[in-house]
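J.: Just dropping this structure here.
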Amino acid sequence: MATSVRATSDGSPPSSRPAPSTSDKSGSRPPGWRTKLFRFDTKASPYAYVAPFFILFAAFGLFPLIYTGWLSLHQVELGTHAKWVGFDNYTGLWDNQFFWKALRNTFTLGVISTVPQLMIALGLAHLLNYKLRGRGFFRVAVLAPYATSVAAATLVFIQMFNPDYGMINQLFGHIGLGHVDWESSKWPAQIAISTIVTWRWTGYNALIYLAAMQAVPADLYEAAALDGASRWRQFISVTIPSIRPTILFTIIVSTIGATQLFGEPLMFGGGVGVTGGTDHQYQTLSLYMYDKGWNTGELGQASAVAWVMLLILLLIGAVNLLIVRSNRRKLGA
Amino acid sequence: MAQLTEAARTAGPRHSSAVPTRRRRVKAGGAGKQQNAGPVAYVLLIVAAAISLFPLYWTVVAASHTDTDITQPPTPLLPGSHLVQNLKVVWNEVDMTTALINSTIVAGCVALTTVLFATLAGFAFAKLQFRGRNILLMIVVATMTIPPQLSVIPLYQIITNVGWVGHLQSVILPSLVAAFGVFFMRQFLSEALPIELVEAARVDGAHSLRILWHVVFPIARPAMAVLGMLVFVQAWNDFFWPLIALNQQNPTVQVALAGVGSGNHTIDHAAVVTAALVATLPLLLVFAFLGKHIVGGITAGAVKS
């Protein structure tokens with residue numbers, strides 16, 4: 001950041017050399033068109049560089065977002081004219097048991113897929129931070145699941161979690177645990193789905209933590225070691241506090257991801273995926289929205305679900321902000 | 001939102017020389033604590049690697065057995081000899097060739113444009129002074145929090161109206177640039193590009209396009225390559241919007257998989273797993289050859305889409 005302060009803060013560079021071709025008349029008082037053009041170029045080019053992102057975001061992000069809000073206040077099916085209904089779509093959700101089910105499922109699936117994932121990732125990053133033989137192999141190996149798609153991973157895990165012939169129930173049989181119904185009972189199904197999420201993302205988050213851990217100054221550990229802190233103690237009181245911003249970052253990103261959970265439950269359900277299982281036992285908000293929008297064709301209601309998701313994300317963001325603020329105050333920083 | 005910006009900023013690279021891999025190791029060795037790993041650490045890491053790799057290995061195993069083999073306990077754990085027949089079944093059921101070509105086109109286009117636009121914006125945010133820079137950067141980071149669910153309904157209405165349902169452009173256009181790419185390039189260029197180079201080029205009378213071409217792009221190249229790979233992987237694996245915008249007549253690989261998995265076609269489980277293998281294999285090959293660079297890129301960017 002600091003280096004960029006000097007950058008062209010006053011428009012153009014010294015205009016004594018506008019361009020090679022006109023250099024014979026250097027220092028002319030009224031700036032020539034080349035100098036003007038140069039100055040304009042310097043001033044305007046940053047905006048030209050960031051413009052593609054903002055134009056594309058306005059077209060494919062912001063406009064649809066607002067339009068979705070407008071749709072959520074209308075009764076609308078594809079190809080028909082929208083009819084203003086006020087907040088009926090929202091009150092309709094309020095009275096709908098499947099909406100509440102989806103909201104609860106999104107929350108529970110989010111917790112059981114995010115919390116263990118980030119904790120394992122933290123431990124894994126700690127291990128990867130040791131001086132290791134074959135560290136390159138271990139890093140690529142834990143990242144390999146990231147290369148698989150949601151759809152492919154879920155199709156494979158369905159086979160492993162199959163209640164009748166899947167290898168996980170076979171394994172459970174061998175070690176004396178009973179037969180688990182991974183599909184039609186609520187909690188086993190949700191645990192199976194979270195396993196897929198955790199499998200795909202743990203290595204990725206571990207590498208992010210690893211990057212942060214490598215930036216922790218070595219003298220902090222030396223000082224802690226001098227004070228007689230054990231390795232575990234060092235991990236708790238040096239590593240974790242030092243990488244706190246990164247942890248917060250991964251929590252926010254994972255929470256956002258969990259709120260949108262869609263592909264895993266859809267594919268996990270096979271033919272009944274859209275409803276999230278026969279009894280909606282693992283239907284998430286995203287699935288519920290897809291169900292409303294593309295199964296029953298109620299785009300207005302689907303839009304209301306989308307906006308509820310946005311409000312939830314804003315709420316999570318606000319809570320995060322409060323927690324961080326109060327933490328900071330406690331630390332006196 | 002401001003909090004997220006700050007978190008994201010601090011979560012970014014401490015040494016973004018992470019992207020060109022060699023130098024970093026030496027540096028990282030000095031920065032971390034670098035105790036030797038004990039036997040327990042090795043055991044745990046081997047377990048973690050095994051859990052990560054086993055489902056991939058078993059995909060190959062299941063794809064090379066018959067449906068009856070994998071649906072009758074005990075489940076086979078060694079590769080069989082049925083792979084070719086399974087591949088034939090997959091190709092009979094869905095148009096995998098089209099799907100693979102489509103996914104390559106989509107992921108390729110999205111990766112190219114994202115890298116280009118992200119480098120431009122990343123350069124501006126990292127090294128140029130302009131009014132509103134900080135607030136605009138904050139907006140970029142904040143847009144990462146908006147889920148795609150918020151835009152699919154209007155986009156679907158639009159592509160229906162213009163007759164683009166089932167056409168690739170409906171999947172490509174909305175993903176031409178990604179906020180995380182902008183942030184990624186900004187993080188890299190803030191440290192890798194000395195501002196003196198840009199200033200010197202200006203003093204020499206170089207206009208911005210020349211500076212871009214002769215100064216920024218050469219320095220950004222390694223990060224552009226890594227970003228390109230990351231975006232390619234994400235675009236290849238993208239699921240939600242392609243599932244809505246495309247159909248089984250002209251699918252991407254993921255859409256084809258969704259068709260196979262929803263039981264519209266067959267209940268040949270071995271063939272289903274084979275389809276998953278076909279969909280994953282191209283990316284696994286990329287990982288096998290370039291995994292180290294991707295690892296470096298993720299640790300440098302530290303951003304999930």
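The way I read the labels, and the way they are meant: chains A, B, ... in the order of the structure tokens, residue 1 as the first residue of every chain, and ligand 1 as the first ligand shown, with later ones counted on from there.
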Compile the contact shell of A:Gln117 as a ChimeraX atom specification: residues with an atom at most 10 Å away, counting only C-alpha atoms, same-chain residues fewer than 3 positions apart removed.
T.: /A:111-114,120-122,194-195,197-203,205-206,254
J.: Using DSSP assignments from the backbone, pull out every residue in stretch 30-107 of chain A that falls under helix (DSSP H, G or I) and give it to me as a PyMOL selection string.
T.: chain A and resi 33-71+88-94+97-107
J.: Please identify the strand (DSSP E) residues within stretch 74-126 of chain A (assignment by DSSP from backbone atoms) and present them as a PyMOL selection string.
T.: chain A and resi 74-75+83-84
J.: Need the shell around A:Gly270: protein/DNA/RNA residues with any atom at most 12 Å away, counting only C-alpha atoms. Skip same-chain ones fewer than 6 positions apart. Format as a list in words?
T.: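 That gives Ala151, Thr154, Leu155, Ile158, Gln159, Asn162, Glu183, Gly263, Glu264, Gly276, Gly277 and Thr278 of chain A; Leu257, Ala258, Gly259, Val260, Gly261, Ser262, Gly263, Asn264, His265, Thr266, Ile267, His269 and Val272 of chain B.
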J.: Go ahead and write the residues just picked, C-alpha atoms, as a compact mmCIF listing (two decimals), in the first residue's frame.
T.:
```txt
# COMPACT_ATOMS: atom_id res chain seq x y z
CA ALA A 151 -21.82 -33.55 -9.01
CA THR A 154 -21.75 -36.69 -4.77
CA LEU A 155 -22.39 -39.46 -7.30
CA ILE A 158 -23.88 -41.93 -2.85
CA GLN A 159 -22.46 -45.34 -3.69
CA ASN A 162 -25.77 -46.60 0.09
CA GLU A 183 -30.85 -41.70 2.93
CA GLY A 263 -25.56 -29.35 -5.55
CA GLU A 264 -24.80 -31.91 -2.86
CA GLY A 276 -34.41 -32.76 -0.65
CA GLY A 277 -35.49 -36.30 0.12
CA THR A 278 -38.99 -37.78 0.27
CA LEU B 257 -23.83 -35.71 -14.67
CA ALA B 258 -26.94 -34.27 -13.09
CA GLY B 259 -28.95 -35.98 -15.82
CA VAL B 260 -27.22 -39.29 -15.25
CA GLY B 261 -27.58 -39.02 -11.48
CA SER B 262 -31.24 -38.08 -11.44
CA GLY B 263 -32.09 -41.49 -12.86
CA ASN B 264 -33.62 -40.21 -16.08
CA HIS B 265 -31.46 -42.67 -17.93
CA THR B 266 -30.10 -45.77 -16.37
CA ILE B 267 -29.74 -47.23 -12.92
CA HIS B 269 -24.49 -47.56 -10.86
CA VAL B 272 -22.95 -43.48 -13.18
```
J.: Show which residues sit within 9 Å of B:Thr274, as a PyMOL selection string. Count only C-alpha atoms, and ignore same-chain residues fewer than 4 positions away.
T.: chain B and resi 59-60+62-64+83+86-87+90+269-270+278-279
